[in-house]
>>> print(open('model_34.cif').read())   # mmCIF, C-alpha atoms and all ligand atoms
data_query
#
loop_
_atom_site.label_atom_id
_atom_site.label_comp_id
_atom_site.auth_asym_id
_atom_site.auth_seq_id
_atom_site.Cartn_x
_atom_site.Cartn_y
_atom_site.Cartn_z
CA MET A 1 10.33 -7.36 44.87
CA ARG A 2 8.96 -9.78 42.35
CA ARG A 3 5.68 -10.04 44.20
CA ARG A 4 5.48 -6.25 44.37
CA SER A 5 5.95 -5.91 40.62
CA LEU A 6 3.26 -8.47 40.02
CA LEU A 7 0.91 -6.65 42.41
CA ALA A 8 1.62 -3.33 40.64
CA LEU A 9 0.85 -4.99 37.34
CA VAL A 10 -2.45 -6.43 38.59
CA MET A 11 -3.44 -3.13 40.20
CA GLY A 12 -2.50 -1.29 37.00
CA GLU A 13 -4.75 -3.59 34.98
CA LEU A 14 -7.59 -3.10 37.47
CA LEU A 15 -7.25 0.68 37.53
CA VAL A 16 -6.53 1.27 33.87
CA GLY A 17 -8.40 -1.65 32.30
CA PRO A 18 -7.80 -2.99 28.80
CA PRO A 19 -6.54 -0.51 26.18
CA PRO A 20 -9.30 1.44 24.37
CA ALA A 21 -10.00 0.61 20.72
CA HIS A 22 -8.30 3.74 19.38
CA ALA A 23 -5.16 2.76 21.32
CA LEU A 24 -5.06 -0.71 19.80
CA PRO A 25 -2.21 -0.97 17.31
CA VAL A 26 -3.32 -1.14 13.67
CA GLU A 27 -1.53 -3.80 11.69
CA GLU A 28 -1.62 -3.31 7.93
CA HIS A 29 -1.25 -6.07 5.34
CA SER A 30 -0.74 -5.03 1.75
CA ILE A 31 -2.96 -6.87 -0.74
CA GLY A 32 -2.97 -6.74 -4.54
CA ASN A 33 -0.37 -4.66 -6.33
CA PRO A 34 1.76 -3.02 -3.55
CA ALA A 35 2.11 0.23 -5.55
CA ASP A 36 -1.66 0.78 -5.38
CA GLY A 37 -1.75 1.04 -1.58
CA LEU A 38 -4.63 -1.40 -1.11
CA ARG A 39 -4.44 -2.99 2.34
CA LEU A 40 -6.20 -4.69 5.20
CA ALA A 41 -6.09 -2.72 8.45
CA ILE A 42 -6.39 -5.05 11.42
CA ARG A 43 -7.10 -4.23 15.05
CA ASP A 44 -7.09 -7.22 17.36
CA SER A 45 -8.54 -6.83 20.85
CA GLY A 46 -6.53 -9.90 21.89
CA ARG A 47 -9.69 -11.73 22.97
CA PRO A 48 -11.54 -14.12 20.65
CA GLY A 49 -14.95 -12.74 19.70
CA PRO A 50 -16.72 -11.36 16.61
CA LEU A 51 -14.73 -11.08 13.40
CA TYR A 52 -15.84 -7.59 12.32
CA PHE A 53 -15.23 -6.96 8.63
CA VAL A 54 -15.70 -3.59 6.88
CA PRO A 55 -15.06 -4.10 3.14
CA HIS A 56 -16.10 -0.61 1.96
CA ASP A 57 -13.57 2.13 2.71
CA ASN A 58 -16.20 4.93 2.60
CA GLU A 59 -18.40 3.34 5.28
CA ASN A 60 -16.96 5.20 8.22
CA ILE A 61 -20.00 5.04 10.47
CA ALA A 62 -19.55 1.25 10.46
CA VAL A 63 -15.96 1.60 11.70
CA ARG A 64 -16.94 4.18 14.30
CA ALA A 65 -19.73 1.96 15.60
CA VAL A 66 -17.22 -0.83 16.33
CA GLU A 67 -14.80 1.66 17.90
CA ARG A 68 -17.54 3.02 20.14
CA LEU A 69 -18.58 -0.51 21.09
CA TRP A 70 -15.02 -1.24 22.13
CA ARG A 71 -14.85 1.99 24.17
CA THR A 72 -18.13 1.19 25.90
CA GLU A 73 -17.93 -2.56 26.42
CA ARG A 74 -14.99 -4.82 27.11
CA PRO A 75 -13.30 -5.09 23.68
CA VAL A 76 -13.56 -8.56 22.18
CA GLY A 77 -12.92 -9.81 18.66
CA VAL A 78 -10.98 -8.34 15.79
CA LEU A 79 -11.75 -5.54 13.30
CA VAL A 80 -10.58 -6.03 9.71
CA GLU A 81 -11.03 -3.08 7.32
CA VAL A 82 -10.28 -2.75 3.62
CA ARG A 83 -8.49 0.57 3.08
CA GLN A 84 -7.30 2.42 0.02
CA ILE A 85 -8.68 5.79 -1.12
CA GLY A 86 -11.81 6.12 1.02
CA ASN A 87 -14.09 5.00 -1.80
CA ARG A 88 -16.64 2.19 -1.93
CA TYR A 89 -14.68 0.70 -4.83
CA ILE A 90 -11.07 -0.47 -4.85
CA TYR A 91 -8.75 -0.17 -7.82
CA GLN A 92 -5.71 -1.81 -9.37
CA ARG A 93 -3.59 -0.01 -11.93
CA PHE A 94 -2.33 -1.75 -15.01
CA ALA A 95 -1.56 -0.72 -18.57
CA GLY A 96 -1.49 2.86 -17.28
CA ARG A 97 -5.11 2.83 -16.14
CA ARG A 98 -7.08 2.23 -12.97
CA PHE A 99 -9.58 -0.62 -12.93
CA TYR A 100 -12.22 -0.73 -10.24
CA ALA A 101 -14.16 -3.45 -8.44
CA ASP A 102 -16.51 -3.75 -5.50
CA PRO A 103 -14.59 -5.41 -2.63
CA ASN A 104 -17.76 -7.26 -1.63
CA ARG A 105 -18.06 -9.02 -5.02
CA LEU A 106 -14.76 -10.92 -5.14
CA TYR A 107 -15.50 -14.10 -3.22
CA ASP A 108 -16.29 -16.56 -5.96
CA GLY A 109 -14.68 -17.99 -9.10
CA ARG A 110 -13.23 -15.82 -11.82
CA ALA A 111 -16.35 -15.94 -14.01
CA VAL A 112 -18.47 -14.40 -11.23
CA VAL A 113 -15.83 -11.76 -10.44
CA LYS A 114 -15.61 -10.92 -14.15
CA ALA A 115 -19.39 -10.61 -14.48
CA GLN A 116 -19.49 -8.30 -11.43
CA ILE A 117 -16.76 -6.03 -12.83
CA GLU A 118 -18.53 -5.95 -16.19
CA ALA A 119 -21.80 -5.03 -14.48
CA LEU A 120 -20.24 -1.96 -12.81
CA PRO A 121 -21.65 0.97 -14.72
CA PRO A 122 -19.17 3.67 -15.81
CA VAL A 123 -20.62 6.10 -13.31
CA TRP A 124 -19.33 8.80 -11.06
CA ALA A 125 -18.85 7.40 -7.56
CA CYS A 126 -17.79 10.02 -5.04
CA GLY A 127 -15.47 11.84 -7.42
CA THR A 128 -14.25 8.73 -9.19
CA VAL A 129 -15.31 7.63 -12.65
CA LEU A 130 -15.41 3.84 -12.69
CA ASN A 131 -14.30 1.51 -15.46
CA GLN A 132 -15.04 3.04 -18.84
CA ARG A 133 -14.94 0.97 -22.01
CA LEU A 134 -13.16 -2.20 -20.87
CA GLY A 135 -11.81 -4.33 -23.71
CA ASP A 136 -12.06 -8.13 -23.50
CA GLY A 137 -8.37 -8.46 -22.61
CA GLU A 138 -8.60 -5.78 -19.91
CA LEU A 139 -11.68 -7.35 -18.43
CA ALA A 140 -10.02 -10.79 -18.24
CA ASP A 141 -6.91 -9.23 -16.67
CA ALA A 142 -8.98 -7.26 -14.15
CA ALA A 143 -10.98 -10.39 -13.22
CA ALA A 144 -7.79 -12.37 -12.59
CA ARG A 145 -6.30 -9.63 -10.37
CA PHE A 146 -9.43 -9.01 -8.34
CA GLU A 147 -10.12 -12.71 -7.92
CA ARG A 148 -6.63 -12.98 -6.40
CA ILE A 149 -7.39 -10.06 -4.05
CA GLY A 150 -10.60 -11.81 -2.99
CA LYS A 151 -8.57 -14.89 -2.09
CA GLN A 152 -6.11 -12.79 -0.08
CA ILE A 153 -9.00 -11.29 1.91
CA LEU A 154 -10.57 -14.71 2.51
CA ARG A 155 -7.20 -16.03 3.68
CA GLU A 156 -7.05 -13.27 6.31
CA LEU A 157 -10.63 -13.86 7.47
CA SER A 158 -10.10 -17.64 7.58
CA HIS A 159 -6.98 -17.12 9.67
CA TRP A 160 -9.05 -15.44 12.41
CA LEU A 161 -11.87 -17.99 12.16
CA ARG A 162 -9.33 -20.81 12.65
CA ARG A 163 -8.03 -19.00 15.75
CA GLY A 164 -11.50 -19.26 17.28
CA TYR A 165 -12.75 -15.76 16.39
CA GLY A 166 -16.33 -15.47 15.12
CA PRO A 167 -19.08 -15.15 14.12
CA LEU A 168 -18.26 -13.27 10.95
CA VAL A 169 -19.91 -9.85 11.34
CA ALA A 170 -19.86 -7.67 8.21
CA VAL A 171 -20.50 -4.03 9.06
CA HIS A 172 -21.92 -1.84 6.29
CA ASN A 173 -23.51 1.53 5.67
CA ASN A 174 -26.01 2.14 2.90
CA THR A 175 -27.58 5.28 1.49
CA GLU A 176 -31.21 6.23 1.92
CA GLY A 177 -33.54 3.71 0.27
CA GLU A 178 -30.76 1.99 -1.70
CA PHE A 179 -30.52 -1.32 0.14
CA ALA A 180 -33.17 -1.93 2.76
CA VAL A 181 -34.76 -4.85 4.56
CA ASP A 182 -37.72 -4.57 2.15
CA ASN A 183 -35.75 -4.87 -1.06
CA ALA A 184 -33.43 -7.51 0.43
CA GLU A 185 -36.51 -9.70 -0.04
CA GLY A 186 -35.37 -10.77 -3.51
CA THR A 187 -32.24 -12.29 -2.02
CA ALA A 188 -33.67 -13.19 1.38
CA GLY A 189 -35.60 -16.23 2.44
CA ARG A 190 -37.55 -14.54 5.22
CA ILE A 191 -38.09 -10.97 6.37
CA HIS A 192 -38.95 -9.56 9.77
CA ARG A 193 -40.08 -5.92 9.67
CA ALA A 194 -39.85 -4.13 13.01
CA ALA A 195 -42.45 -1.43 13.63
CA GLY A 196 -41.08 2.12 13.73
CA VAL A 197 -37.55 1.19 12.60
CA ASP A 198 -36.00 2.75 9.48
CA THR A 199 -35.92 0.02 6.81
CA ASP A 200 -32.32 1.01 5.92
CA ASP A 201 -31.20 -0.26 9.33
CA PHE A 202 -31.31 -4.04 9.36
CA PHE A 203 -29.50 -7.32 9.86
CA LEU A 204 -28.95 -9.92 7.12
CA VAL A 205 -28.16 -13.31 8.66
CA THR A 206 -27.46 -16.85 7.50
CA HIS A 207 -28.67 -18.73 10.59
CA GLY A 208 -32.31 -19.17 11.56
CA HIS A 209 -31.69 -18.82 15.31
CA ASP A 210 -30.09 -15.36 14.77
CA PHE A 211 -33.10 -14.39 12.62
CA GLU A 212 -35.51 -15.39 15.38
CA ALA A 213 -33.49 -13.81 18.21
CA LEU A 214 -32.90 -10.45 16.47
CA GLY A 215 -36.55 -10.29 15.42
CA ARG A 216 -37.61 -10.85 19.02
CA LEU A 217 -35.26 -8.01 20.10
CA GLY A 218 -37.20 -5.66 17.81
CA TYR A 219 -34.85 -5.31 14.83
CA ASN A 220 -35.41 -5.53 11.07
CA VAL A 221 -33.93 -8.84 9.94
CA ALA A 222 -33.60 -10.67 6.64
CA LEU A 223 -32.71 -14.37 6.55
CA GLN A 224 -30.69 -15.37 3.54
CA PRO A 225 -31.87 -18.57 1.84
CA PRO A 226 -29.42 -21.51 2.09
CA HIS A 227 -28.63 -21.46 -1.66
CA PRO A 228 -28.52 -17.80 -2.75
CA THR A 229 -27.54 -16.61 -6.23
CA ALA A 230 -23.77 -16.53 -6.68
CA ASP A 231 -22.90 -12.82 -6.83
CA GLY A 232 -19.42 -12.99 -5.30
CA SER A 233 -20.56 -11.40 -2.03
CA LEU A 234 -19.24 -12.48 1.36
CA SER A 235 -22.70 -13.49 2.60
CA VAL A 236 -23.00 -16.01 -0.26
CA TRP A 237 -19.49 -17.33 0.43
CA ALA A 238 -20.43 -17.71 4.12
CA ALA A 239 -23.67 -19.54 3.23
CA ARG A 240 -21.77 -21.92 0.96
CA HIS A 241 -19.38 -22.77 3.80
CA ARG A 242 -22.23 -23.01 6.30
CA LEU A 243 -20.65 -20.23 8.33
CA ARG A 244 -22.58 -18.15 10.79
CA TYR A 245 -22.62 -14.69 9.20
CA ILE A 246 -24.30 -11.50 10.33
CA ASN A 247 -24.42 -8.35 8.20
CA VAL A 248 -25.13 -5.17 10.18
CA GLU A 249 -26.49 -2.49 7.82
CA ALA A 250 -27.17 1.09 8.84
CA GLN A 251 -27.78 4.24 6.83
CA HIS A 252 -25.20 6.97 6.33
CA ARG A 253 -24.53 9.88 3.98
CA ASP A 254 -22.30 8.83 1.14
CA CYS A 255 -19.21 10.59 -0.21
CA LEU A 256 -18.28 12.41 2.98
CA ASP A 257 -14.98 12.08 4.77
CA TYR A 258 -14.49 10.47 8.15
CA THR A 259 -15.21 13.54 10.26
CA ARG A 260 -18.18 14.89 8.29
CA SER A 261 -20.04 11.67 7.61
CA GLU A 262 -23.43 11.58 9.21
CA GLY A 263 -25.59 8.60 9.75
CA HIS A 264 -27.23 6.21 12.08
CA LEU A 265 -24.16 5.77 14.26
CA ASP A 266 -26.14 5.51 17.50
CA TYR A 267 -28.41 2.88 16.02
CA GLN A 268 -25.61 0.83 14.46
CA PHE A 269 -23.76 0.91 17.77
CA GLN A 270 -26.94 -0.39 19.44
CA MET A 271 -27.25 -3.13 16.79
CA LEU A 272 -23.66 -4.26 17.40
CA ARG A 273 -24.25 -4.29 21.14
CA ALA A 274 -27.39 -6.41 20.64
CA LEU A 275 -25.19 -9.10 19.09
CA TYR A 276 -23.47 -9.51 22.46
CA SER A 277 -26.72 -10.93 23.80
CA LEU A 278 -26.91 -13.66 21.13
CA ARG A 279 -25.65 -17.12 21.92
ZN ZN B 1 -20.72 -1.81 2.45
#
>>> encode(input="model_34.cif", output="structure tokens", more="lines below")
Ligand SMILES: [Zn+2]
Amino acid sequence: MRRRSLLALVMGELLVGPPPAHALPVEEHSIGNPADGLRLAIRDSGRPGPLYFVPHDNENIAVRAVERLWRTERPVGVLVEVRQIGNRYIYQRFAGRRFYADPNRLYDGRAVVKAQIEALPPVWACGTVLNQRLGDGELADAAARFERIGKQILRELSHWLRRGYGPLVAVHNNTEGEFAVDNAEGTAGRIHRAAGVDTDDFFLVTHGHDFEALGRLGYNVALQPPHPTADGSLSVWAARHRLRYINVEAQHRDCLDYTRSEGHLDYQFQMLRALYSLR
């Protein structure tokens, strides 16, 4: 009887295979002020592999590319997403107002976080008007809160890295011409331009061997210098800790919801799959 159950289990696994990505349970960890609904959504394949991180809640093509990869290939690694209101920016409410920050500018000391919040222009971003007229006290308060959120995110990522997951793979979408392999040159040590590939679709890496390998595979790649300017971004944090970090950037259309967003999904999926071939 026992042997039969075991056999049924093995046969079931062979016939059905591992659960598809959309069937993986999503675990949510609240970060920041609980009332603001900011959280990390985590899907673990159960097998150590890339630590996929999507910090921007509007970059849905990035999430879909990982989901498609996990439907197509054997799912490995873990997907960690920042979620709140579907915007690029996250907010915390205090003193009756919402204060915004870029969740990819929180990974350094308070002075850097403060400077990044201050540098956010009071512009319309997908229906949201960002920080208008911040007083000195408000700015200091916002910096303290967002610095703490940055630490909470790093604690989650470090947890997976300690468990043997990695490399750290940030998955992003950009808008036409905004952030491309060409203009990453200011922050990048070396650039490889692939013929016939949209410059908005590119890798930004911290390790020279990934730069060489992805270039040889025919992709746009930028290699970050070992001591980049401290801007609070995750790539700079990774460089400082000598971590292997790969940013996968592909173009999308901004400000659209999950179902209507258009973009270079096929290409980003292909880019993610190419990482499987790296050693
Ligand atoms: Zn992004």
>>> closest_residue(input="model_34.cif", among="A:Gly196, A:Pro103, A:Gly189, A:Gly215", to="ligand ZN 1 (chain B)", atoms="only C-alpha atoms and all ligand atoms")
A:Pro103
>>> atom_distance(input="model_34.cif", atom1="CA of Asn173 (chain A)", atom2="CA of Val82 (chain A)")
14.1 Å
>>> closest_residue(input="model_34.cif", among="A:Val221, A:Met271, A:Ile246, A:Ala62", to="ligand ZN 1 (chain B)", atoms="all atoms listed in the file")
A:Ala62
>>> atom_distance(input="model_34.cif", atom1="CA of Tyr52 (chain A)", atom2="CA of Leu120 (chain A)")
26.1 Å
>>> residues_around(input="model_34.cif", residues="region 39-41 of chain A", least_positions_apart="2", cutoff="7 Å", atoms="all atoms listed in the file", output="ChimeraX atom specification")
/A:26-31,37,43,80-84
>>> atom_distance(input="model_34.cif", atom1="CA of Asn220 (chain A)", atom2="CA of His192 (chain A)")
5.5 Å
>>> residues_around(input="model_34.cif", residues="Gln92 (chain A)", least_positions_apart="6", cutoff="10 Å", atoms="all atoms listed in the file", output="ChimeraX atom specification")
/A:32-38,98-101,142,145-146,149
>>> residues_near_point(input="model_34.cif", point="(-9.8, -13.4, 10.6)", cutoff="6 Å", atoms="only C-alpha atoms", output="PyMOL selection string")
chain A and resi 156-161
>>> write_last_selection(input="model_34.cif", atoms="C-alpha atoms", output="PDB file, keeping the file's coordinate frame")
ATOM      1  CA  GLU A 156      -7.050 -13.270   6.310  1.00  0.00           C
ATOM      2  CA  LEU A 157     -10.630 -13.860   7.470  1.00  0.00           C
ATOM      3  CA  SER A 158     -10.100 -17.640   7.580  1.00  0.00           C
ATOM      4  CA  HIS A 159      -6.980 -17.120   9.670  1.00  0.00           C
ATOM      5  CA  TRP A 160      -9.050 -15.440  12.410  1.00  0.00           C
ATOM      6  CA  LEU A 161     -11.870 -17.990  12.160  1.00  0.00           C
TER       7      LEU A 161
END
>>> residues_near_ligand(input="model_34.cif", ligand="ligand ZN 1 (chain B)", cutoff="7 Å", atoms="only C-alpha atoms and all ligand atoms", output="list of chain:residue names")
A:Val54, A:Pro55, A:His56, A:Glu59, A:Val171, A:His172, A:Asn173, A:Asn174
>>> closest_residue(input="model_34.cif", among="A:Ala274, A:Leu139, A:Ala65, A:Val169", to="Ala250 (chain A)", atoms="all atoms listed in the file")
A:Ala65
>>> residues_around(input="model_34.cif", residues="Ala222 (chain A)", least_positions_apart="3", cutoff="10 Å", atoms="all atoms listed in the file", output="PDB file with C-alpha atoms, in the coordinates of the input")
ATOM      1  CA  ALA A 180     -33.170  -1.930   2.760  1.00  0.00           C
ATOM      2  CA  VAL A 181     -34.760  -4.850   4.560  1.00  0.00           C
ATOM      3  CA  ASP A 182     -37.720  -4.570   2.150  1.00  0.00           C
ATOM      4  CA  ASN A 183     -35.750  -4.870  -1.060  1.00  0.00           C
ATOM      5  CA  ALA A 184     -33.430  -7.510   0.430  1.00  0.00           C
ATOM      6  CA  GLU A 185     -36.510  -9.700  -0.040  1.00  0.00           C
ATOM      7  CA  THR A 187     -32.240 -12.290  -2.020  1.00  0.00           C
ATOM      8  CA  ALA A 188     -33.670 -13.190   1.380  1.00  0.00           C
ATOM      9  CA  GLY A 189     -35.600 -16.230   2.440  1.00  0.00           C
ATOM     10  CA  ARG A 190     -37.550 -14.540   5.220  1.00  0.00           C
ATOM     11  CA  ILE A 191     -38.090 -10.970   6.370  1.00  0.00           C
ATOM     12  CA  HIS A 192     -38.950  -9.560   9.770  1.00  0.00           C
ATOM     13  CA  ARG A 193     -40.080  -5.920   9.670  1.00  0.00           C
ATOM     14  CA  PHE A 202     -31.310  -4.040   9.360  1.00  0.00           C
ATOM     15  CA  PHE A 203     -29.500  -7.320   9.860  1.00  0.00           C
ATOM     16  CA  LEU A 204     -28.950  -9.920   7.120  1.00  0.00           C
ATOM     17  CA  VAL A 205     -28.160 -13.310   8.660  1.00  0.00           C
ATOM     18  CA  THR A 206     -27.460 -16.850   7.500  1.00  0.00           C
ATOM     19  CA  GLY A 208     -32.310 -19.170  11.560  1.00  0.00           C
ATOM     20  CA  PHE A 211     -33.100 -14.390  12.620  1.00  0.00           C
ATOM     21  CA  LEU A 214     -32.900 -10.450  16.470  1.00  0.00           C
ATOM     22  CA  GLY A 215     -36.550 -10.290  15.420  1.00  0.00           C
ATOM     23  CA  TYR A 219     -34.850  -5.310  14.830  1.00  0.00           C
ATOM     24  CA  PRO A 225     -31.870 -18.570   1.840  1.00  0.00           C
ATOM     25  CA  ASN A 247     -24.420  -8.350   8.200  1.00  0.00           C
TER      26      ASN A 247
END
>>> residues_around(input="model_34.cif", residues="Pro167 (chain A)", least_positions_apart="6", cutoff="10 Å", atoms="only C-alpha atoms", output="NGL selection string")
:A and (49-52 or 77 or 161 or 243-246 or 275)
>>> residues_around(input="model_34.cif", residues="Arg64 (chain A)", least_positions_apart="4", cutoff="10 Å", atoms="all atoms listed in the file", output="list in words")
Glu59, Asn60, Arg68, Leu69, Trp70, Tyr258, Leu265, Asp266, Gln268 and Phe269 of chain A
>>> axis_aligned_box(input="model_34.cif", around="region 142-154 of chain A", padding_each_side="5 Å", output="JSON")
{"center_x": -8.5, "center_y": -11.1, "center_z": -5.8, "size_x": 14.9, "size_y": 17.6, "size_z": 26.7}
>>> closest_residue(input="model_34.cif", among="A:Ala170, A:Ala115, A:Leu106, A:Cys126", to="Arg148 (chain A)", atoms="all atoms listed in the file")
A:Leu106
>>> closest_residue(input="model_34.cif", among="A:Asp57, A:Asp108, A:Asp136, A:Glu249", to="Ser233 (chain A)", atoms="all atoms listed in the file")
A:Asp108
>>> closest_residue(input="model_34.cif", among="A:Leu24, A:Ala143, A:Val66, A:Val236", to="Gln270 (chain A)", atoms="all atoms listed in the file")
A:Val66
